[in-house]
$ cat model03.txt   # compact mmCIF, C-alpha atoms
# COMPACT_ATOMS: atom_id res chain seq x y z
CA MET A 1157 -19.86 -8.70 58.34
CA HIS A 1158 -18.97 -6.51 55.34
CA PHE A 1159 -19.85 -7.81 51.88
CA ALA A 1160 -18.41 -6.46 48.63
CA ALA A 1161 -19.88 -7.15 45.18
CA ILE A 1162 -17.37 -7.56 42.37
CA PRO A 1163 -18.19 -6.93 38.69
CA THR A 1164 -19.15 -9.88 36.51
CA LEU A 1165 -16.79 -10.98 33.73
CA PRO A 1166 -18.95 -9.37 30.98
CA GLN A 1167 -18.90 -6.11 32.93
CA ILE A 1168 -15.13 -6.28 33.29
CA MET A 1169 -14.65 -6.97 29.57
CA ASP A 1170 -17.15 -4.30 28.44
CA ASP A 1171 -15.21 -1.47 26.76
CA SER A 1172 -18.25 0.53 25.65
CA ARG A 1173 -17.38 3.15 28.24
CA GLY A 1174 -14.05 3.77 26.55
CA ALA A 1175 -11.57 2.13 28.89
CA GLU A 1176 -8.18 3.79 28.94
CA SER A 1177 -5.44 1.99 27.01
CA TYR A 1178 -2.28 0.92 28.84
CA PRO A 1179 0.21 -0.08 26.12
CA PHE A 1180 3.16 -2.25 27.16
CA THR A 1181 6.16 -0.77 25.38
CA LYS A 1182 9.13 -2.31 27.18
CA THR A 1183 11.39 -4.81 25.47
CA PHE A 1184 11.91 -8.23 27.04
CA ALA A 1185 15.41 -7.21 28.14
CA GLU A 1186 13.96 -4.20 29.94
CA ALA A 1187 11.12 -6.11 31.61
CA GLN A 1188 12.54 -9.56 32.32
CA ASP A 1189 13.48 -8.81 35.93
CA GLU A 1190 10.24 -7.00 36.76
CA VAL A 1191 7.45 -8.79 38.62
CA ALA A 1192 4.60 -9.84 36.34
CA LEU A 1193 2.37 -11.58 38.90
CA ILE A 1194 2.41 -13.22 42.33
CA ILE A 1195 1.27 -16.75 43.12
CA HIS A 1196 1.16 -18.71 46.38
CA SER A 1197 3.57 -21.54 47.08
CA SER A 1198 2.46 -24.95 48.33
CA GLY A 1199 5.28 -24.97 50.88
CA THR A 1200 7.91 -26.98 48.97
CA THR A 1201 10.67 -24.47 49.74
CA GLY A 1202 9.55 -23.63 53.28
CA MET A 1203 6.46 -22.15 54.85
CA PRO A 1204 3.74 -21.41 52.24
CA LYS A 1205 4.21 -17.86 51.03
CA PRO A 1206 3.59 -15.47 48.13
CA VAL A 1207 6.11 -15.98 45.32
CA PRO A 1208 6.67 -13.25 42.70
CA PHE A 1209 7.05 -14.36 39.08
CA THR A 1210 9.07 -12.07 36.84
CA HIS A 1211 8.55 -11.79 33.09
CA GLY A 1212 11.84 -13.68 32.72
CA TYR A 1213 10.64 -16.51 34.93
CA ILE A 1214 7.45 -16.86 32.90
CA SER A 1215 9.47 -16.89 29.66
CA VAL A 1216 11.05 -20.19 30.76
CA PHE A 1217 7.66 -21.86 30.21
CA ASP A 1218 7.89 -20.68 26.60
CA SER A 1219 11.56 -21.31 25.80
CA GLY A 1220 11.93 -24.48 27.88
CA ILE A 1221 10.19 -26.61 25.25
CA ASN A 1222 13.14 -25.94 22.93
CA ILE A 1223 15.59 -27.63 25.28
CA GLU A 1224 17.81 -30.21 23.63
CA HIS A 1225 16.71 -33.78 24.31
CA PRO A 1226 16.90 -37.19 22.61
CA LYS A 1227 14.60 -37.05 19.60
CA ASP A 1228 13.08 -40.45 20.32
CA ARG A 1229 12.24 -39.50 23.90
CA ARG A 1230 9.28 -37.63 25.37
CA LEU A 1231 9.61 -34.82 27.90
CA THR A 1232 7.54 -34.97 31.08
CA MET A 1233 5.95 -31.65 30.14
CA PHE A 1234 2.82 -31.90 28.03
CA TYR A 1235 3.61 -29.03 25.67
CA ASP A 1236 3.90 -31.42 22.74
CA LEU A 1237 0.25 -32.46 22.91
CA ALA A 1238 -1.54 -31.65 19.67
CA PRO A 1239 -3.67 -28.46 19.72
CA SER A 1240 -6.64 -30.68 18.86
CA LYS A 1241 -6.15 -32.40 22.22
CA HIS A 1242 -7.10 -30.78 25.49
CA MET A 1243 -6.05 -31.25 29.08
CA LEU A 1244 -7.98 -31.36 32.34
CA TYR A 1245 -6.60 -29.39 35.29
CA THR A 1246 -7.77 -29.66 38.88
CA THR A 1247 -4.95 -27.76 40.58
CA PRO A 1248 -5.63 -24.27 42.02
CA PHE A 1249 -4.67 -21.42 39.74
CA PHE A 1250 -2.86 -19.66 42.60
CA HIS A 1251 -0.31 -22.55 42.68
CA LEU A 1252 2.37 -23.24 40.07
CA MET A 1253 0.68 -26.37 38.72
CA GLY A 1254 -2.49 -24.40 38.08
CA PHE A 1255 -0.63 -21.49 36.55
CA ILE A 1256 0.95 -23.68 33.88
CA ALA A 1257 -2.51 -24.33 32.45
CA PHE A 1258 -2.32 -20.78 31.12
CA THR A 1259 1.29 -20.97 29.92
CA ALA A 1260 0.58 -24.23 28.07
CA SER A 1261 -2.48 -22.68 26.45
CA ILE A 1262 -0.96 -19.29 25.57
CA PHE A 1263 2.56 -20.36 24.56
CA HIS A 1264 1.91 -23.84 23.16
CA HIS A 1265 -1.76 -23.76 22.12
CA ILE A 1266 -2.84 -26.62 24.40
CA PRO A 1267 -6.50 -25.97 25.32
CA PHE A 1268 -7.59 -26.89 28.82
CA VAL A 1269 -10.78 -27.67 30.69
CA ILE A 1270 -11.56 -27.32 34.38
CA CYS A 1271 -14.17 -28.84 36.65
CA PRO A 1272 -17.35 -26.98 37.62
CA ASP A 1273 -17.11 -24.68 40.63
CA LYS A 1274 -17.85 -27.37 43.21
CA PRO A 1275 -15.78 -29.23 45.81
CA LEU A 1276 -13.52 -31.71 44.04
CA SER A 1277 -14.77 -35.28 44.33
CA VAL A 1278 -14.43 -38.62 42.58
CA GLU A 1279 -17.92 -38.26 41.11
CA LEU A 1280 -17.26 -34.74 39.83
CA LEU A 1281 -13.97 -35.70 38.21
CA THR A 1282 -15.43 -38.83 36.66
CA GLY A 1283 -18.31 -36.88 35.14
CA THR A 1284 -15.99 -34.14 33.87
CA ILE A 1285 -13.73 -36.65 32.11
CA GLN A 1286 -16.71 -38.46 30.59
CA SER A 1287 -18.25 -35.20 29.36
CA THR A 1288 -15.19 -33.31 28.08
CA LYS A 1289 -13.10 -36.30 26.92
CA PRO A 1290 -9.64 -34.80 27.55
CA ALA A 1291 -6.53 -36.45 26.14
CA ALA A 1292 -4.68 -35.92 29.41
CA ALA A 1293 -5.23 -34.79 32.98
CA LEU A 1294 -3.09 -33.30 35.75
CA LEU A 1295 -4.22 -34.54 39.17
CA PRO A 1296 -2.88 -34.59 42.72
CA PRO A 1297 -1.87 -38.13 43.77
CA SER A 1298 -4.47 -38.18 46.54
CA MET A 1299 -7.28 -37.78 44.00
CA VAL A 1300 -5.81 -40.45 41.70
CA GLU A 1301 -5.75 -42.83 44.66
CA GLU A 1302 -9.37 -42.05 45.55
CA MET A 1303 -10.49 -42.56 41.94
CA SER A 1304 -8.70 -45.91 41.76
CA HIS A 1305 -11.23 -47.36 44.24
CA SER A 1306 -14.18 -46.61 41.94
CA GLU A 1307 -14.88 -48.75 38.88
CA ALA A 1308 -16.50 -45.85 37.00
CA ALA A 1309 -13.68 -43.46 37.90
CA THR A 1310 -10.99 -45.98 36.94
CA SER A 1311 -12.71 -46.52 33.60
CA ALA A 1312 -12.68 -42.75 33.05
CA LEU A 1313 -8.94 -42.60 33.81
CA HIS A 1314 -8.31 -45.42 31.32
CA SER A 1315 -9.80 -43.21 28.58
CA LEU A 1316 -6.89 -40.75 28.94
CA ASP A 1317 -3.76 -40.94 26.80
CA TYR A 1318 -1.67 -39.54 29.66
CA LEU A 1319 -2.22 -39.07 33.37
CA TYR A 1320 0.12 -36.50 34.89
CA PHE A 1321 0.51 -36.18 38.65
CA ALA A 1322 2.55 -33.73 40.70
CA GLY A 1323 3.20 -32.47 44.20
CA ALA A 1324 3.81 -35.84 45.86
CA PRO A 1325 4.53 -39.50 45.01
CA LEU A 1326 1.70 -41.78 43.90
CA ALA A 1327 1.04 -44.92 45.97
CA PRO A 1328 2.94 -47.80 44.25
CA GLU A 1329 -0.02 -50.19 44.38
CA VAL A 1330 -2.25 -47.66 42.62
CA GLY A 1331 0.36 -46.72 40.04
CA ASN A 1332 1.16 -50.33 39.21
CA ARG A 1333 -2.51 -51.05 38.59
CA LEU A 1334 -3.15 -47.98 36.45
CA SER A 1335 0.08 -48.22 34.45
CA ASP A 1336 -1.23 -51.34 32.70
CA TYR A 1337 -3.83 -49.18 30.93
CA ILE A 1338 -2.53 -45.61 30.86
CA LYS A 1339 0.77 -43.73 30.59
CA LEU A 1340 1.60 -42.27 34.01
CA VAL A 1341 3.90 -39.24 34.07
CA SER A 1342 5.28 -37.66 37.24
CA ILE A 1343 6.10 -33.93 37.14
CA MET A 1344 8.71 -32.44 39.47
CA GLY A 1345 8.97 -28.77 40.35
CA SER A 1346 8.43 -25.97 42.83
CA SER A 1347 7.05 -22.44 42.77
CA GLU A 1348 10.50 -20.84 42.89
CA ALA A 1349 12.31 -23.26 40.56
CA GLY A 1350 9.56 -23.92 38.06
CA VAL A 1351 9.23 -27.33 36.41
CA ILE A 1352 12.23 -29.66 36.24
CA ILE A 1353 12.30 -30.61 32.55
CA SER A 1354 12.97 -34.36 32.61
CA LEU A 1355 12.40 -37.36 30.35
CA VAL A 1356 9.53 -39.83 30.59
CA PRO A 1357 11.21 -43.03 31.87
CA GLU A 1358 11.29 -46.03 29.56
CA GLY A 1359 10.76 -49.63 30.60
CA GLU A 1360 7.99 -51.51 32.35
CA GLY A 1361 7.35 -50.58 35.96
CA ASN A 1362 9.44 -47.40 35.91
CA TRP A 1363 6.54 -44.93 36.05
CA GLY A 1364 7.51 -43.88 39.61
CA TYR A 1365 11.04 -42.82 38.65
CA PHE A 1366 12.52 -39.66 37.18
CA GLU A 1367 15.11 -39.54 34.39
CA TRP A 1368 16.87 -36.19 34.20
CA ASN A 1369 17.39 -34.59 30.81
CA PRO A 1370 21.17 -34.04 30.44
CA ALA A 1371 20.66 -30.67 28.77
CA TYR A 1372 18.68 -29.38 31.77
CA GLY A 1373 21.58 -30.05 34.10
CA VAL A 1374 20.91 -31.75 37.44
CA ASP A 1375 23.66 -32.60 39.93
CA MET A 1376 22.73 -35.45 42.27
CA GLN A 1377 24.89 -34.88 45.37
CA ASP A 1378 25.52 -37.75 47.78
CA ARG A 1379 24.03 -37.14 51.24
CA GLY A 1380 24.85 -40.57 52.66
CA GLU A 1381 22.86 -43.74 53.35
CA GLY A 1382 22.02 -44.12 49.67
CA LEU A 1383 20.28 -40.73 49.45
CA TYR A 1384 21.09 -38.00 46.93
CA GLU A 1385 19.99 -34.37 46.89
CA MET A 1386 18.94 -32.73 43.65
CA VAL A 1387 21.06 -29.63 43.04
CA ILE A 1388 20.65 -27.35 40.01
CA PRO A 1389 23.95 -25.74 38.96
CA ARG A 1390 23.93 -22.50 37.01
CA LYS A 1391 24.89 -22.76 33.33
CA ALA A 1392 25.46 -20.28 30.53
CA ASP A 1393 21.88 -20.74 29.27
CA SER A 1394 20.27 -21.19 32.70
CA ARG A 1395 17.92 -18.23 32.45
CA LYS A 1396 16.30 -19.84 29.39
CA ILE A 1397 15.54 -23.15 31.10
CA HIS A 1398 15.86 -22.64 34.88
CA GLY A 1399 13.20 -20.63 36.64
CA ILE A 1400 15.19 -20.63 39.88
CA PHE A 1401 17.81 -18.23 38.49
CA HIS A 1402 15.06 -15.70 37.87
CA SER A 1403 13.64 -16.21 41.37
CA HIS A 1404 17.16 -16.03 42.86
CA PRO A 1405 19.39 -14.37 40.24
CA HIS A 1406 22.34 -14.16 42.68
CA LEU A 1407 22.72 -17.94 43.08
CA ASN A 1408 25.30 -20.07 41.26
CA GLU A 1409 23.58 -23.30 42.28
CA TYR A 1410 20.30 -24.18 43.92
CA HIS A 1411 19.88 -26.87 46.56
CA THR A 1412 16.33 -28.19 46.28
CA ASN A 1413 16.43 -30.19 49.56
CA ASP A 1414 14.68 -33.00 47.65
CA LEU A 1415 16.20 -36.43 48.27
CA PHE A 1416 16.19 -39.37 45.85
CA VAL A 1417 17.34 -42.97 45.70
CA GLN A 1418 18.92 -44.45 42.59
CA HIS A 1419 17.30 -47.29 40.65
CA PRO A 1420 18.94 -50.61 41.66
CA SER A 1421 19.93 -51.51 38.09
CA ASN A 1422 19.51 -48.36 35.96
CA PRO A 1423 21.69 -45.48 37.22
CA LYS A 1424 19.80 -42.96 35.06
CA LEU A 1425 16.59 -43.41 37.06
CA TRP A 1426 15.81 -41.76 40.40
CA LYS A 1427 12.90 -42.19 42.81
CA TYR A 1428 11.74 -39.45 45.16
CA HIS A 1429 12.45 -40.33 48.79
CA GLY A 1430 11.68 -37.26 50.89
CA ARG A 1431 13.08 -33.97 52.10
CA TYR A 1432 16.49 -33.00 53.49
CA ASP A 1433 14.71 -30.49 55.75
CA ASP A 1434 11.63 -30.85 57.98
CA VAL A 1435 9.01 -30.37 55.24
CA ILE A 1436 6.32 -33.08 55.21
CA VAL A 1437 4.85 -33.79 51.76
CA LEU A 1438 1.14 -34.69 51.75
CA SER A 1439 -0.44 -36.81 49.02
CA ASN A 1440 -2.61 -33.89 47.88
CA GLY A 1441 0.55 -31.93 47.04
CA GLU A 1442 0.38 -29.58 50.03
CA LYS A 1443 3.30 -29.31 52.45
CA LEU A 1444 3.74 -28.96 56.22
CA THR A 1445 6.76 -27.80 58.21
$ encode --input "model03.txt" --output "structure tokens"
Amino acid sequence: MHFAAIPTLPQIMDDSRGAESYPFTKTFAEAQDEVALIIHSSGTTGMPKPVPFTHGYISVFDSGINIEHPKDRRLTMFYDLAPSKHMLYTTPFFHLMGFIAFTASIFHHIPFVICPDKPLSVELLTGTIQSTKPAAALLPPSMVEEMSHSEAATSALHSLDYLYFAGAPLAPEVGNRLSDYIKLVSIMGSSEAGVIISLVPEGEGNWGYFEWNPAYGVDMQDRGEGLYEMVIPRKADSRKIHGIFHSHPHLNEYHTNDLFVQHPSNPKLWKYHGRYDDVIVLSNGEKLT
């Protein structure tokens, strides 16, 4: 077996040897359609694969916070947390939900903490929350469900102002229990489309629903049997708020293949039901086809 030693971070950052400068001189207009980095999808839009992010795509995480929305309502994104607050991330940095730790920190000054370099466990997460005292955390539903069976872990979750989850639905029994003590916020998105900027639902017991922000523009298309597919139509300002039209600039609308059911009494609320294709969504946020 061949082993390769990589430099340590201090060695990489050491400029005493006179590292060559590589100035970035392009304007945003010149660079917006060029690839800035490549992440790995979780499989939401098909088989897991590398997904290139252009500079324009990344800019949506900066400009999206300026989207018009009711002033008395909170967006599902956490960019309006105070800089004095910090957020705990457990999602891999090679996935979208890990990548936004950096965009939230760089663009919106939200500091973040991560767990030690050990396998993720209830005990590790509980200790990290107790030690770092974050105001919010972003967790996969499977880990929230595991933590809900531990008294110490549940107590740690109750110390948060907000608990964000993404990648899959949270078990109703777990969510109903936790929502009595903490604000639960579900985030919807995909590697190619970015984050769907929605509103935090109002009303007791509605934590498992989504409420679309009218300014974002979501078209819920009837697919029969009470199911509706989320479709994102292109608008004049789409490239400021829709990552998908950077990933696929030729499209005029994007079919997400995500199916929802409407709230029985509030037509503004939608609950995730499943996929229009053969993708299976696991509770840890990973996908199978």
$ atom_distance --input "model03.txt" --atom1 "CA of Tyr1235 in chain A" --atom2 "CA of His1265 in chain A"
8.3 Å
$ atom_distance --input "model03.txt" --atom1 "CA of Glu1301 in chain A" --atom2 "CA of His1251 in chain A"
21.1 Å
$ residues_around --input "model03.txt" --residues "range 1374-1384 of chain A" --least-positions-apart "5" --cutoff "10 Å" --atoms "all atoms listed in the file" --output "number ranges by chain"
A: 1352-1354, 1368-1369, 1389-1390, 1409-1411, 1413-1418, 1426, 1428-1430, 1432
$ closest_residue --input "model03.txt" --among "A:Gly1364, A:Pro1239, A:Gly1174, A:Pro1296" --to "His1419 in chain A" --atoms "all atoms listed in the file"
A:Gly1364
$ residues_around --input "model03.txt" --residues "Ile1195 in chain A" --least-positions-apart "4" --cutoff "6 Å" --atoms "all atoms listed in the file" --output "compact mmCIF listing (two decimals) with C-alpha atoms, keeping the file's coordinate frame"
# COMPACT_ATOMS: atom_id res chain seq x y z
CA PRO A 1206 3.59 -15.47 48.13
CA VAL A 1207 6.11 -15.98 45.32
CA PHE A 1250 -2.86 -19.66 42.60
$ closest_residue --input "model03.txt" --among "A:Val1356, A:Leu1326, A:Ile1168, A:Leu1334" --to "Ser1298 in chain A" --atoms "only C-alpha atoms"
A:Leu1326
$ closest_residue --input "model03.txt" --among "A:Lys1274, A:Lys1391, A:His1211, A:Arg1173" --to "Gln1188 in chain A" --atoms "only C-alpha atoms"
A:His1211
$ atom_distance --input "model03.txt" --atom1 "CA of Ala1349 in chain A" --atom2 "CA of Ser1403 in chain A"
7.2 Å
$ axis_aligned_box --input "model03.txt" --around "range 1351-1354 of chain A" --padding-each-side "8 Å" --output "AutoDock Vina command-line options"
--center_x 11.1 --center_y -30.8 --center_z 34.5 --size_x 19.7 --size_y 23.0 --size_z 19.9
